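query_8.pdb, holding PDB, C-alpha atoms (C1' of nucleotides):
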ATOM      1  CA  MET J 947      23.298  -3.092 -62.575
ATOM      2  CA  ALA J 948      22.447  -2.186 -58.994
ATOM      3  CA  LYS J 949      25.652  -1.881 -57.040
ATOM      4  CA  SER J 950      26.029  -4.368 -54.232
ATOM      5  CA  LEU J 951      25.149  -3.237 -50.747
ATOM      6  CA  HIS J 952      28.233  -4.996 -49.797
ATOM      7  CA  SER J 953      30.732  -2.575 -51.016
ATOM      8  CA  LYS J 954      29.843   0.283 -48.762
ATOM      9  CA  LEU J 955      30.788  -1.445 -45.558
ATOM     10  CA  THR J 956      34.155  -1.487 -43.863
ATOM     11  CA  ARG J 957      35.741  -4.728 -42.844
ATOM     12  CA  ARG J 958      34.452  -4.755 -39.316
ATOM     13  CA  GLU J 959      31.095  -3.452 -40.344
ATOM     14  CA  ARG J 960      30.768  -6.201 -42.897
ATOM     15  CA  GLN J 961      31.707  -8.713 -40.223
ATOM     16  CA  ILE J 962      29.092  -7.393 -37.864
ATOM     17  CA  VAL J 963      26.341  -7.204 -40.415
ATOM     18  CA  ASP J 964      27.122 -10.736 -41.482
ATOM     19  CA  ILE J 965      26.691 -11.852 -37.911
ATOM     20  CA  LEU J 966      23.348 -10.128 -37.847
ATOM     21  CA  TYR J 967      22.325 -11.895 -41.021
ATOM     22  CA  ARG J 968      23.294 -15.219 -39.565
ATOM     23  CA  ARG J 969      21.444 -14.602 -36.342
ATOM     24  CA  ARG J 970      18.718 -12.505 -37.913
ATOM     25  CA  ARG J 971      18.798 -10.283 -34.858
ATOM     26  CA  ALA J 972      21.173  -9.888 -31.941
ATOM     27  CA  THR J 973      22.194  -7.710 -29.030
ATOM     28  CA  ALA J 974      25.571  -6.024 -28.885
ATOM     29  CA  ALA J 975      26.710  -8.679 -26.444
ATOM     30  CA  GLN J 976      25.731 -11.465 -28.802
ATOM     31  CA  VAL J 977      27.459  -9.827 -31.691
ATOM     32  CA  MET J 978      30.566  -9.510 -29.591
ATOM     33  CA  GLU J 979      30.497 -13.208 -28.792
ATOM     34  CA  ASP J 980      30.585 -14.057 -32.467
ATOM     35  CA  MET J 981      33.424 -11.733 -33.328
ATOM     36  CA  VAL J 982      36.746 -13.271 -34.185
ATOM     37  CA  GLY J 983      39.673 -11.914 -32.226
ATOM     38  CA  ASP J 984      38.830  -9.996 -29.138
ATOM     39  CA  VAL J 985      37.114  -6.711 -29.448
ATOM     40  CA  SER J 986      35.751  -4.806 -26.528
ATOM     41  CA  TYR J 987      32.082  -4.578 -25.895
ATOM     42  CA  SER J 988      32.429  -0.847 -26.180
ATOM     43  CA  THR J 989      33.874  -1.115 -29.629
ATOM     44  CA  VAL J 990      31.120  -3.324 -30.871
ATOM     45  CA  ARG J 991      28.523  -0.950 -29.551
ATOM     46  CA  THR J 992      30.174   1.956 -31.249
ATOM     47  CA  GLN J 993      30.232   0.110 -34.522
ATOM     48  CA  LEU J 994      26.602  -0.802 -34.203
ATOM     49  CA  ARG J 995      25.731   2.800 -33.567
ATOM     50  CA  VAL J 996      27.692   3.927 -36.590
ATOM     51  CA  LEU J 997      26.064   1.254 -38.685
ATOM     52  CA  GLU J 998      22.729   2.531 -37.554
ATOM     53  CA  GLU J 999      23.641   6.117 -38.410
ATOM     54  CA  LYS J1000      24.677   4.990 -41.843
ATOM     55  CA  GLY J1001      21.368   3.251 -42.220
ATOM     56  CA  HIS J1002      22.611  -0.294 -42.476
ATOM     57  CA  VAL J1003      21.208  -1.475 -39.209
ATOM     58  CA  ARG J1004      18.312  -0.749 -36.963
ATOM     59  CA  HIS J1005      17.409  -1.645 -33.435
ATOM     60  CA  ASP J1006      14.308  -2.489 -31.479
ATOM     61  CA  ALA J1007      14.389  -1.469 -27.866
ATOM     62  CA  GLU J1008      13.301  -4.575 -26.070
ATOM     63  CA  GLY J1009      12.756  -3.694 -22.499
ATOM     64  CA  LEU J1010      16.039  -2.110 -21.645
ATOM     65  CA  ARG J1011      18.283  -3.525 -24.281
ATOM     66  CA  TYR J1012      18.677  -2.976 -27.953
ATOM     67  CA  VAL J1013      18.222  -5.795 -30.374
ATOM     68  CA  TYR J1014      19.851  -5.046 -33.675
ATOM     69  CA  SER J1015      19.006  -6.311 -37.109
ATOM     70  CA  PRO J1016      20.078  -5.502 -40.648
ATOM     71  CA  LYS J1017      17.950  -2.917 -42.378
ATOM     72  CA  VAL J1018      18.255  -4.526 -45.780
ATOM     73  CA  PRO J1019      16.021  -7.597 -45.942
ATOM     74  CA  ARG J1020      17.928 -10.802 -45.813
ATOM     75  CA  SER J1021      16.477 -11.966 -49.094
ATOM     76  CA  THR J1022      17.693  -8.834 -50.820
ATOM     77  CA  ALA J1023      21.172  -8.977 -49.382
ATOM     78  CA  ARG J1024      21.255 -12.585 -50.240
ATOM     79  CA  ARG J1025      20.503 -12.138 -53.872
ATOM     80  CA  SER J1026      22.933  -9.294 -54.097
ATOM     81  CA  ALA J1027      25.712 -11.310 -52.530
ATOM     82  CA  LEU J1028      24.940 -14.267 -54.713
ATOM     83  CA  THR J1029      25.055 -12.202 -57.876
ATOM     84  CA  HIS J1030      28.342 -10.699 -56.890
ATOM     85  CA  LEU J1031      29.802 -14.072 -56.133
ATOM     86  CA  VAL J1032      28.634 -15.609 -59.365
ATOM     87  CA  ASP J1033      30.087 -12.737 -61.355
ATOM     88  CA  THR J1034      33.384 -12.676 -59.546
ATOM     89  CA  PHE J1035      34.192 -16.316 -59.178
ATOM     90  CA  PHE J1036      32.013 -18.194 -61.584
ATOM     91  CA  ASP J1037      32.109 -16.087 -64.739
ATOM     92  CA  GLY J1038      28.440 -15.378 -64.312
ATOM     93  CA  SER J1039      27.661 -19.025 -64.782
ATOM     94  CA  THR J1040      24.923 -20.424 -62.594
ATOM     95  CA  GLU J1041      25.830 -23.901 -63.705
ATOM     96  CA  LYS J1042      29.313 -23.604 -62.383
ATOM     97  CA  VAL J1043      28.052 -22.577 -58.993
ATOM     98  CA  VAL J1044      25.724 -25.516 -58.819
ATOM     99  CA  ALA J1045      28.544 -27.795 -59.813
ATOM    100  CA  ALA J1046      30.776 -26.327 -57.133
ATOM    101  CA  LEU J1047      28.055 -26.724 -54.542
ATOM    102  CA  LEU J1048      27.501 -30.339 -55.379
ATOM    103  CA  GLY J1049      31.036 -31.369 -56.098
ATOM    104  CA  SER J1050      32.332 -30.229 -52.767
ATOM    105  CA  ASP J1051      34.350 -33.427 -52.552
ATOM    106  CA  GLY J1052      35.792 -32.586 -55.910
ATOM    107  CA  GLY J1053      34.238 -35.756 -57.289
ATOM    108  CA  GLN J1054      31.721 -36.477 -59.959
ATOM    109  CA  VAL J1055      28.000 -36.049 -59.814
ATOM    110  CA  SER J1056      26.170 -39.299 -60.099
ATOM    111  CA  ASP J1057      22.682 -39.823 -61.454
ATOM    112  CA  ASP J1058      21.510 -40.421 -57.928
ATOM    113  CA  GLU J1059      22.904 -37.119 -56.934
ATOM    114  CA  LEU J1060      21.127 -35.410 -59.778
ATOM    115  CA  ALA J1061      17.899 -36.936 -58.600
ATOM    116  CA  ARG J1062      18.639 -35.573 -55.167
ATOM    117  CA  ILE J1063      19.017 -32.105 -56.611
ATOM    118  CA  ALA J1064      15.485 -32.197 -57.897
ATOM    119  CA  ASP J1065      14.238 -33.112 -54.452
ATOM    120  CA  MET J1066      16.303 -30.476 -52.755
ATOM    121  CA  VAL J1067      15.146 -27.745 -55.028
ATOM    122  CA  ALA J1068      11.519 -28.745 -54.765
ATOM    123  CA  LYS J1069      11.795 -28.878 -51.006
ATOM    124  CA  ALA J1070      13.512 -25.545 -50.695
ATOM    125  CA  GLN J1071      10.860 -23.978 -52.866
ATOM    126  CA  ASP J1072       8.114 -25.435 -50.738
ATOM    127  CA  GLU J1073       9.536 -23.945 -47.622
ATOM    128  CA  GLY J1074       8.970 -20.552 -49.112
ATOM    129  CA  GLU J1075      11.365 -17.749 -48.606
ATOM    130  CA  GLN J1076      11.141 -15.477 -45.632
TER     131      GLN J1076
ATOM    132  CA  MET N 771      36.701 -23.790 -39.648
ATOM    133  CA  ALA N 772      39.292 -21.996 -41.751
ATOM    134  CA  LYS N 773      38.570 -18.318 -41.648
ATOM    135  CA  SER N 774      37.729 -16.759 -44.966
ATOM    136  CA  LEU N 775      40.479 -15.017 -46.852
ATOM    137  CA  HIS N 776      37.923 -12.435 -47.411
ATOM    138  CA  SER N 777      37.936 -10.809 -44.093
ATOM    139  CA  LYS N 778      41.452  -9.519 -44.139
ATOM    140  CA  LEU N 779      40.964  -7.124 -46.996
ATOM    141  CA  THR N 780      39.853  -3.534 -46.851
ATOM    142  CA  ARG N 781      37.034  -2.306 -48.981
ATOM    143  CA  ARG N 782      39.156  -1.092 -51.856
ATOM    144  CA  GLU N 783      41.464  -4.033 -51.634
ATOM    145  CA  ARG N 784      38.553  -6.395 -51.832
ATOM    146  CA  GLN N 785      37.271  -4.500 -54.835
ATOM    147  CA  ILE N 786      40.606  -4.751 -56.589
ATOM    148  CA  VAL N 787      41.144  -8.390 -55.821
ATOM    149  CA  ASP N 788      37.660  -9.147 -57.064
ATOM    150  CA  ILE N 789      38.513  -7.454 -60.325
ATOM    151  CA  LEU N 790      41.576  -9.622 -60.559
ATOM    152  CA  TYR N 791      39.497 -12.714 -59.974
ATOM    153  CA  ARG N 792      37.096 -11.690 -62.683
ATOM    154  CA  ARG N 793      39.858 -10.980 -65.148
ATOM    155  CA  ARG N 794      42.207 -13.637 -63.826
ATOM    156  CA  ARG N 795      45.085 -11.239 -64.421
ATOM    157  CA  ALA N 796      45.329  -7.565 -65.194
ATOM    158  CA  THR N 797      47.613  -4.560 -65.364
ATOM    159  CA  ALA N 798      47.157  -1.590 -63.092
ATOM    160  CA  ALA N 799      45.581   0.285 -65.973
ATOM    161  CA  GLN N 800      43.038  -2.464 -66.548
ATOM    162  CA  VAL N 801      42.172  -2.623 -62.901
ATOM    163  CA  MET N 802      41.640   1.111 -62.913
ATOM    164  CA  GLU N 803      39.250   0.836 -65.825
ATOM    165  CA  ASP N 804      37.077  -1.541 -63.879
ATOM    166  CA  MET N 805      36.963   0.523 -60.725
ATOM    167  CA  VAL N 806      33.720   2.211 -59.877
ATOM    168  CA  GLY N 807      34.015   5.917 -59.239
ATOM    169  CA  ASP N 808      37.181   7.534 -60.441
ATOM    170  CA  VAL N 809      40.393   6.717 -58.743
ATOM    171  CA  SER N 810      43.730   7.837 -60.011
ATOM    172  CA  TYR N 811      46.086   5.470 -61.677
ATOM    173  CA  SER N 812      48.568   6.276 -58.987
ATOM    174  CA  THR N 813      46.170   5.202 -56.287
ATOM    175  CA  VAL N 814      45.455   1.896 -57.912
ATOM    176  CA  ARG N 815      49.130   1.196 -58.276
ATOM    177  CA  THR N 816      49.738   1.942 -54.647
ATOM    178  CA  GLN N 817      46.982  -0.389 -53.602
ATOM    179  CA  LEU N 818      48.329  -3.134 -55.786
ATOM    180  CA  ARG N 819      51.739  -2.722 -54.244
ATOM    181  CA  VAL N 820      50.299  -2.863 -50.764
ATOM    182  CA  LEU N 821      48.289  -5.922 -51.682
ATOM    183  CA  GLU N 822      51.453  -7.510 -52.912
ATOM    184  CA  GLU N 823      53.298  -6.662 -49.710
ATOM    185  CA  LYS N 824      50.505  -8.213 -47.734
ATOM    186  CA  GLY N 825      50.784 -11.301 -49.862
ATOM    187  CA  HIS N 826      47.386 -11.198 -51.489
ATOM    188  CA  VAL N 827      48.584 -10.456 -54.955
ATOM    189  CA  ARG N 828      51.587 -11.124 -57.106
ATOM    190  CA  HIS N 829      52.831  -9.783 -60.391
ATOM    191  CA  ASP N 830      54.626 -11.096 -63.418
ATOM    192  CA  ALA N 831      56.846  -8.605 -65.135
ATOM    193  CA  GLU N 832      55.833  -8.931 -68.747
ATOM    194  CA  GLY N 833      58.286  -7.017 -70.774
ATOM    195  CA  LEU N 834      58.150  -3.730 -69.031
ATOM    196  CA  ARG N 835      54.809  -3.819 -67.319
ATOM    197  CA  TYR N 836      53.443  -5.681 -64.403
ATOM    198  CA  VAL N 837      50.576  -8.042 -64.768
ATOM    199  CA  TYR N 838      48.910  -8.726 -61.458
ATOM    200  CA  SER N 839      46.999 -11.734 -60.312
ATOM    201  CA  PRO N 840      45.592 -12.970 -57.006
ATOM    202  CA  LYS N 841      47.925 -15.158 -55.048
ATOM    203  CA  VAL N 842      45.187 -17.376 -53.702
ATOM    204  CA  PRO N 843      44.018 -19.746 -56.442
ATOM    205  CA  ARG N 844      40.665 -18.824 -57.832
ATOM    206  CA  SER N 845      39.230 -22.211 -56.995
ATOM    207  CA  THR N 846      40.232 -21.794 -53.365
ATOM    208  CA  ALA N 847      38.897 -18.278 -53.039
ATOM    209  CA  ARG N 848      35.781 -19.431 -54.732
ATOM    210  CA  ARG N 849      35.076 -22.210 -52.353
ATOM    211  CA  SER N 850      35.838 -19.995 -49.430
ATOM    212  CA  ALA N 851      33.512 -17.292 -50.639
ATOM    213  CA  LEU N 852      30.810 -19.790 -51.367
ATOM    214  CA  THR N 853      31.050 -21.314 -47.930
ATOM    215  CA  HIS N 854      30.851 -17.933 -46.310
ATOM    216  CA  LEU N 855      27.850 -16.973 -48.361
ATOM    217  CA  VAL N 856      26.032 -20.201 -47.661
ATOM    218  CA  ASP N 857      26.647 -19.832 -43.942
ATOM    219  CA  THR N 858      25.692 -16.196 -43.780
ATOM    220  CA  PHE N 859      22.654 -16.034 -45.981
ATOM    221  CA  PHE N 860      21.432 -19.552 -46.449
ATOM    222  CA  ASP N 861      21.720 -21.092 -43.024
ATOM    223  CA  GLY N 862      24.325 -23.463 -44.329
ATOM    224  CA  SER N 863      21.799 -24.997 -46.664
ATOM    225  CA  THR N 864      23.054 -25.932 -50.103
ATOM    226  CA  GLU N 865      19.527 -26.590 -51.217
ATOM    227  CA  LYS N 866      18.457 -23.076 -50.482
ATOM    228  CA  VAL N 867      21.255 -21.683 -52.576
ATOM    229  CA  VAL N 868      20.331 -23.850 -55.497
ATOM    230  CA  ALA N 869      16.744 -22.781 -55.153
ATOM    231  CA  ALA N 870      17.758 -19.142 -55.086
ATOM    232  CA  LEU N 871      19.925 -19.585 -58.127
ATOM    233  CA  LEU N 872      17.187 -21.175 -60.128
ATOM    234  CA  GLY N 873      14.286 -19.184 -58.883
ATOM    235  CA  SER N 874      15.871 -15.868 -59.801
ATOM    236  CA  ASP N 875      12.565 -14.764 -61.273
ATOM    237  CA  GLY N 876      10.937 -15.625 -57.996
ATOM    238  CA  GLY N 877       8.890 -18.220 -59.820
ATOM    239  CA  GLN N 878       8.582 -21.931 -59.568
ATOM    240  CA  VAL N 879      10.929 -24.508 -60.940
ATOM    241  CA  SER N 880       9.395 -26.572 -63.679
ATOM    242  CA  ASP N 881      10.288 -30.122 -64.620
ATOM    243  CA  ASP N 882      11.938 -28.801 -67.715
ATOM    244  CA  GLU N 883      14.059 -26.614 -65.592
ATOM    245  CA  LEU N 884      15.042 -29.508 -63.411
ATOM    246  CA  ALA N 885      16.120 -31.384 -66.520
ATOM    247  CA  ARG N 886      18.203 -28.388 -67.473
ATOM    248  CA  ILE N 887      19.939 -28.492 -64.129
ATOM    249  CA  ALA N 888      21.161 -31.974 -64.830
ATOM    250  CA  ASP N 889      22.613 -30.827 -68.123
ATOM    251  CA  MET N 890      24.147 -27.765 -66.636
ATOM    252  CA  VAL N 891      25.825 -29.643 -63.884
ATOM    253  CA  ALA N 892      27.118 -32.333 -66.176
ATOM    254  CA  LYS N 893      28.460 -29.722 -68.529
ATOM    255  CA  ALA N 894      30.128 -27.672 -65.861
ATOM    256  CA  GLN N 895      31.768 -30.799 -64.533
ATOM    257  CA  ASP N 896      33.048 -31.724 -67.965
ATOM    258  CA  GLU N 897      34.711 -28.402 -68.385
ATOM    259  CA  GLY N 898      36.874 -29.237 -65.448
ATOM    260  CA  GLU N 899      38.018 -26.656 -62.998
ATOM    261  CA  GLN N 900      41.079 -24.565 -63.632
TER     262      GLN N 900
ATOM    263  C1'  DG W1390      67.967  10.189 -81.397
ATOM    264  C1'  DC W1391      64.274  12.641 -79.415
ATOM    265  C1'  DA W1392      59.425  13.570 -77.826
ATOM    266  C1'  DG W1393      55.505  11.830 -75.923
ATOM    267  C1'  DA W1394      52.900   8.115 -74.040
ATOM    268  C1'  DT W1395      53.008   4.723 -70.748
ATOM    269  C1'  DG W1396      55.299   2.498 -66.945
ATOM    270  C1'  DT W1397      57.308   1.994 -62.188
ATOM    271  C1'  DG W1398      59.506   3.709 -57.375
ATOM    272  C1'  DT W1399      58.946   6.379 -53.558
ATOM    273  C1'  DT W1400      57.023   9.266 -50.351
ATOM    274  C1'  DA W1401      53.514  12.454 -48.258
ATOM    275  C1'  DT W1402      49.094  13.549 -46.392
ATOM    276  C1'  DA W1403      44.138  13.828 -45.675
ATOM    277  C1'  DA W1404      40.311  11.016 -44.444
ATOM    278  C1'  DA W1405      38.142   7.198 -42.394
ATOM    279  C1'  DA W1406      37.980   3.343 -39.408
ATOM    280  C1'  DA W1407      38.768   0.870 -35.314
ATOM    281  C1'  DT W1408      39.229   0.860 -30.638
ATOM    282  C1'  DA W1409      38.051   1.927 -26.066
ATOM    283  C1'  DG W1410      37.363   4.888 -21.697
ATOM    284  C1'  DC W1411      34.289   7.197 -18.572
ATOM    285  C1'  DA W1412      29.789   8.585 -17.056
ATOM    286  C1'  DT W1413      25.276   7.228 -16.233
ATOM    287  C1'  DA W1414      20.823   4.508 -16.128
ATOM    288  C1'  DT W1415      18.000   0.335 -15.240
ATOM    289  C1'  DG W1416      16.560  -4.175 -13.433
ATOM    290  C1'  DG W1417      16.878  -7.941 -10.473
ATOM    291  C1'  DC W1418      18.139  -9.957  -6.013
ATOM    292  C1'  DT W1419      19.000 -10.290  -1.264
TER     293       DT W1419
ATOM    294  C1'  DA D   6      16.937   0.056   0.061
ATOM    295  C1'  DG D   7      21.290  -0.952  -1.719
ATOM    296  C1'  DC D   8      24.409  -3.522  -4.780
ATOM    297  C1'  DC D   9      25.919  -5.665  -8.851
ATOM    298  C1'  DA D  10      25.527  -7.033 -13.441
ATOM    299  C1'  DT D  11      24.269  -5.334 -17.628
ATOM    300  C1'  DA D  12      22.925  -1.535 -20.578
ATOM    301  C1'  DT D  13      23.327   2.797 -23.092
ATOM    302  C1'  DG D  14      25.321   7.856 -24.192
ATOM    303  C1'  DC D  15      29.014  10.383 -25.424
ATOM    304  C1'  DT D  16      33.654  11.391 -26.529
ATOM    305  C1'  DA D  17      38.670  10.782 -27.358
ATOM    306  C1'  DT D  18      42.559   8.743 -29.546
ATOM    307  C1'  DT D  19      45.359   5.668 -32.238
ATOM    308  C1'  DT D  20      45.805   3.112 -36.367
ATOM    309  C1'  DT D  21      44.833   2.078 -40.884
ATOM    310  C1'  DT D  22      43.206   3.296 -45.345
ATOM    311  C1'  DA D  23      42.740   5.777 -49.289
ATOM    312  C1'  DT D  24      44.498   8.969 -52.246
ATOM    313  C1'  DA D  25      47.766  11.173 -55.122
ATOM    314  C1'  DA D  26      52.029  13.994 -56.289
ATOM    315  C1'  DC D  27      56.644  13.943 -57.993
ATOM    316  C1'  DA D  28      60.658  11.817 -59.981
ATOM    317  C1'  DC D  29      62.624   8.682 -63.018
ATOM    318  C1'  DA D  30      62.698   4.745 -66.662
ATOM    319  C1'  DT D  31      61.450   2.516 -71.019
ATOM    320  C1'  DC D  32      59.264   1.838 -75.315
ATOM    321  C1'  DT D  33      57.401   3.726 -79.870
ATOM    322  C1'  DG D  34      56.984   6.295 -83.825
ATOM    323  C1'  DC D  35      58.720   9.977 -86.389
TER     324       DC D  35
END
Starting from the file, give its structure as structure tokens.
Amino acid sequence: MAKSLHSKLTRRERQIVDILYRRRRATAAQVMEDMVGDVSYSTVRTQLRVLEEKGHVRHDAEGLRYVYSPKVPRSTARRSALTHLVDTFFDGSTEKVVAALLGSDGGQVSDDELARIADMVAKAQDEGEQ
Amino acid sequence: MAKSLHSKLTRRERQIVDILYRRRRATAAQVMEDMVGDVSYSTVRTQLRVLEEKGHVRHDAEGLRYVYSPKVPRSTARRSALTHLVDTFFDGSTEKVVAALLGSDGGQVSDDELARIADMVAKAQDEGEQ
DNA sequence: GCAGATGTGTTATAAAAATAGCATATGGCT
DNA sequence: AGCCATATGCTATTTTTATAACACATCTGC
């Protein structure tokens, strides 16, 4: 099994990369905005640079400023994270994840809801993955 | 939004706690077995102790030895992790996660498969969550 | 009842991570 | 042209993490 990309990042690094995945791309200033707790701009920049050195992140120089983005494609990271989560918390059971996703109120899944699943899945598939 | 429990753990700590979630409960020796790379028994024990001090893990003294388990209920950690993953990689879209789970071969979802989802969900719900 | 395997308690230390300061460059605005 | 806000480049330092050694306790089989 391919080891998750995950595991090589430190706490802060993970936090930053996650922000980049959410935003797709962001400047140091934007990343800083999204950080919990207060971290100096300088610190964030340093982390981004280190992340780049380690090969986890890249930047495009846009005019003057750097716009950072994760080097690993979102779809790849996604699958990796999903696999890890399913293994760790759901005994490798896809069904259990689906159940957890749908039963977020802790309640039962009605027939109507099942019908909705079909629609959701079909729709998501149509959208095509970036 | 409640911040994920996740974020407070270091890399190794996260790795260890994940092992505990997979196994539900484990001795230091068992945790060591599951660790990637080789880490000494002593190291693992130290980490477990630190995790316990920090309140992430607890142990039951069973006869002589300690059996460790995560302090945060699996179901809670689960939901938290799932939420974080959905937000980070799936734009908060439950549908997209379901699609990713089902389309693991990158292919389309057939009607048969949709029928299977219904079964899976119903089954998972029956099992009831621990 | 003793030797060896398997545990725990405690403490030390090297390595890595997190944080941030200072110097300098650029772009826009008046 | 000069100033200010916003950037980057480089470097230093503190804090945290990760690792493991050593000492002592308990159980097990002979």
Would you translate the PyMOL selection byres ((chain W and resi 1396-1413) around 12) into the concrete set of residues it matches in this file, as a ChimeraX atom specification? /J:955-959,984-993,996 /N:780-781,797-799,811-812,815-816,819,831-837 /W:1394-1395,1414-1415 /D:12-32
Tell me, in Å to one decimal, how far CA of Pro843 in chain N is from CA of Asp788 in chain N. 12.4 Å
If you count all atoms listed in the file, which residues fall within 12 Å of DG1417 in chain W, apart from same-chain ones fewer than 6 positions away, as an MDAnalysis selection string? chainID D and resid 8:11
Okay, now the selection with C-alpha atoms (C1' of nucleotides), as a JSON list (two decimals), keeping the file's coordinate frame?
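Here's the written file again.json:
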[["chain", "number", "residue", "atom", "x", "y", "z"],
["D", 8, "DC", "C1'", 24.41, -3.52, -4.78],
["D", 9, "DC", "C1'", 25.92, -5.66, -8.85],
["D", 10, "DA", "C1'", 25.53, -7.03, -13.44],
["D", 11, "DT", "C1'", 24.27, -5.33, -17.63]]
Rounded to one decimal, what separation in Å do you get between CA of Gln961 in chain J and CA of Gln976 in chain J?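 One can read the CA of Gln961 in chain J to CA of Gln976 in chain J distance as 13.2 Å.
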Residues in the PyMOL selection byres ((chain J and resi 1027-1032) around 10), expressed as JSON, numbers by chain: {"J": [949, 950, 951, 952, 1021, 1022, 1023, 1024, 1025, 1026, 1033, 1034, 1035, 1036, 1037, 1038, 1039, 1040, 1041, 1042, 1043], "N": [788, 792, 848, 851, 852, 855, 856, 859, 867, 870, 871]}
If you measure from CA of Arg960 in chain J to CA of Ala1045 in chain J, what distance in Å do you get, rounded to one decimal? 27.5 Å
I'd like the contact shell of His826 in chain N - 8 Å cut-off, all atoms listed in the file, skipping same-chain residues fewer than 4 positions apart - returned as a ChimeraX atom specification. /N:821-822,840-842
